[in-house]
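Beneath this line is the structure, given in structure tokens, with notes to follow.
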Amino acid sequence: MVKSMEITKLSVREKLVVDVSVWMNNPEDYDFSPRASLDGSTMNLFNGNEEAPSASIQLDDEQIVTAERDRMVELRVKFAVEGMHGILTNKTKNVRDGPNAKKLAEPRWKTILPL
């Protein structure tokens with residue numbers, strides 16, 4: 001189940017691109033099915049068949065024109081689970097030399113949603 005959803009960035013490329021940060025309740029949770037709707041100049045994002053929007057944002061004129069033209073939005077999602085990796089206690093001074101020199105994998109997802 002989705003704990004919270006936050007729109008972090010909104011941009012216009014070939015279509016309207018929305019970056020979203022989604023916080024899940026636990027790492028084994030896969031219940032996420034996004035929906036988008038455009039209500040005037042406000043874009044709302046829902047999870048599944050919820051009544052209330054999980055996130056909403058006001059669009060400017062260029063973004064409204066792009067959304068109305070395409071009637072779709074590209075959603076780029078970054079998933080996160082609070083407290084999943086615990087607390088880092090031994091930090092390496094020079095990260096290039098340490099045993100944990102690689103970054104942890106970040107779960108990301110990209111999809112096209114109709115409006």
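FYI, nothing fancy with the structure tokens labels: chains A, B, ... in order, residues from 1 per chain, ligands from 1 as they appear.
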Helix (DSSP H, G or I) positions in chain A, given as a list in words: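 Here are the helix (DSSP H, G or I) residues of chain A: Asp61, Glu62, Gln63, Ile64, Val65, Thr66, Ala67, Glu68, Arg69 and Asp70 of chain A.
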Can you tell me which residues surround Leu59 in chain A at a distance of at most 8 Å, considering only C-alpha atoms, apart from same-chain residues fewer than 3 positions away, and format the answer as an mmCIF file with N, CA, C and O atoms, in the first residue's frame?
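To be explicit, this is the file written out as around05.cif:
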data_model
loop_
_atom_site.group_PDB
_atom_site.id
_atom_site.type_symbol
_atom_site.label_atom_id
_atom_site.label_comp_id
_atom_site.auth_asym_id
_atom_site.auth_seq_id
_atom_site.Cartn_x
_atom_site.Cartn_y
_atom_site.Cartn_z
ATOM 1 N N SER A 41 -6.904 23.585 -14.313
ATOM 2 C CA SER A 41 -5.449 23.737 -14.352
ATOM 3 C C SER A 41 -4.759 22.887 -13.288
ATOM 4 O O SER A 41 -3.563 23.032 -13.053
ATOM 5 N N THR A 42 -5.490 21.999 -12.655
ATOM 6 C CA THR A 42 -4.943 21.141 -11.609
ATOM 7 C C THR A 42 -4.838 19.711 -12.116
ATOM 8 O O THR A 42 -5.805 19.158 -12.627
ATOM 9 N N MET A 43 -3.650 19.133 -11.974
ATOM 10 C CA MET A 43 -3.469 17.729 -12.291
ATOM 11 C C MET A 43 -3.447 16.941 -10.987
ATOM 12 O O MET A 43 -2.709 17.279 -10.062
ATOM 13 N N GLN A 63 2.197 23.988 -19.767
ATOM 14 C CA GLN A 63 1.960 22.621 -19.329
ATOM 15 C C GLN A 63 0.521 22.182 -19.612
ATOM 16 O O GLN A 63 0.285 21.038 -20.008
ATOM 17 N N ILE A 64 -0.431 23.096 -19.446
ATOM 18 C CA ILE A 64 -1.836 22.781 -19.740
ATOM 19 C C ILE A 64 -2.015 22.495 -21.221
ATOM 20 O O ILE A 64 -2.678 21.531 -21.613
#
For Thr111 in chain A, the nearest of the candidates A:Met1, A:Ala52, A:Val12, A:Met72, counting only C-alpha atoms: A:Met72
Which residue of A:Leu115, A:Val17, A:Val22, A:Val65 approaches Glu82 in chain A most closely, using only C-alpha atoms: A:Val22
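You can rank A:Asn44, A:Thr66, A:Asn49, A:Val81 by their closest distance to Tyr30 in chain A using only C-alpha atoms, and at the top of that list sits A:Val81.
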Residues near Val18 in chain A, cut-off 10 Å, only C-alpha atoms, skip fewer than 4 positions along chain, as a list in words: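 Counting only the stated atoms, we get Ile7, Thr8, Lys9, Leu10, Ser11, Val12, Val73, Glu74, Leu75, Arg76, Val77 and Lys110 of chain A.
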Output file for the selection above: N, CA and C atoms, as a PDB file, in the first residue's frame:
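After the write, result.pdb holds the following:
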ATOM      1  N   ILE A   7       4.820  14.942  -5.719  1.00  0.00           N
ATOM      2  CA  ILE A   7       5.299  15.368  -7.030  1.00  0.00           C
ATOM      3  C   ILE A   7       6.535  16.219  -6.804  1.00  0.00           C
ATOM      4  N   THR A   8       7.680  15.777  -7.329  1.00  0.00           N
ATOM      5  CA  THR A   8       8.937  16.477  -7.094  1.00  0.00           C
ATOM      6  C   THR A   8       9.314  17.423  -8.225  1.00  0.00           C
ATOM      7  N   LYS A   9       8.906  17.117  -9.454  1.00  0.00           N
ATOM      8  CA  LYS A   9       9.312  17.945 -10.591  1.00  0.00           C
ATOM      9  C   LYS A   9       8.290  17.802 -11.706  1.00  0.00           C
ATOM     10  N   LEU A  10       8.074  18.886 -12.423  1.00  0.00           N
ATOM     11  CA  LEU A  10       7.147  18.906 -13.543  1.00  0.00           C
ATOM     12  C   LEU A  10       7.836  19.628 -14.684  1.00  0.00           C
ATOM     13  N   SER A  11       7.930  18.976 -15.852  1.00  0.00           N
ATOM     14  CA  SER A  11       8.619  19.609 -16.971  1.00  0.00           C
ATOM     15  C   SER A  11       7.932  19.238 -18.280  1.00  0.00           C
ATOM     16  N   VAL A  12       8.198  20.042 -19.310  1.00  0.00           N
ATOM     17  CA  VAL A  12       7.650  19.793 -20.636  1.00  0.00           C
ATOM     18  C   VAL A  12       8.808  19.466 -21.549  1.00  0.00           C
ATOM     19  N   VAL A  73       0.363  11.821 -19.931  1.00  0.00           N
ATOM     20  CA  VAL A  73       1.470  12.341 -19.134  1.00  0.00           C
ATOM     21  C   VAL A  73       2.466  11.199 -18.923  1.00  0.00           C
ATOM     22  N   GLU A  74       3.757  11.539 -18.987  1.00  0.00           N
ATOM     23  CA  GLU A  74       4.801  10.550 -18.694  1.00  0.00           C
ATOM     24  C   GLU A  74       5.117  10.644 -17.214  1.00  0.00           C
ATOM     25  N   LEU A  75       4.931   9.542 -16.505  1.00  0.00           N
ATOM     26  CA  LEU A  75       5.144   9.495 -15.067  1.00  0.00           C
ATOM     27  C   LEU A  75       6.438   8.764 -14.778  1.00  0.00           C
ATOM     28  N   ARG A  76       7.376   9.443 -14.100  1.00  0.00           N
ATOM     29  CA  ARG A  76       8.634   8.816 -13.684  1.00  0.00           C
ATOM     30  C   ARG A  76       8.598   8.704 -12.163  1.00  0.00           C
ATOM     31  N   VAL A  77       8.614   7.471 -11.685  1.00  0.00           N
ATOM     32  CA  VAL A  77       8.392   7.197 -10.266  1.00  0.00           C
ATOM     33  C   VAL A  77       9.681   6.717  -9.617  1.00  0.00           C
ATOM     34  N   LYS A 110       8.993   3.964 -15.036  1.00  0.00           N
ATOM     35  CA  LYS A 110       8.497   4.977 -15.958  1.00  0.00           C
ATOM     36  C   LYS A 110       7.304   4.409 -16.706  1.00  0.00           C
TER      37      LYS A 110
END
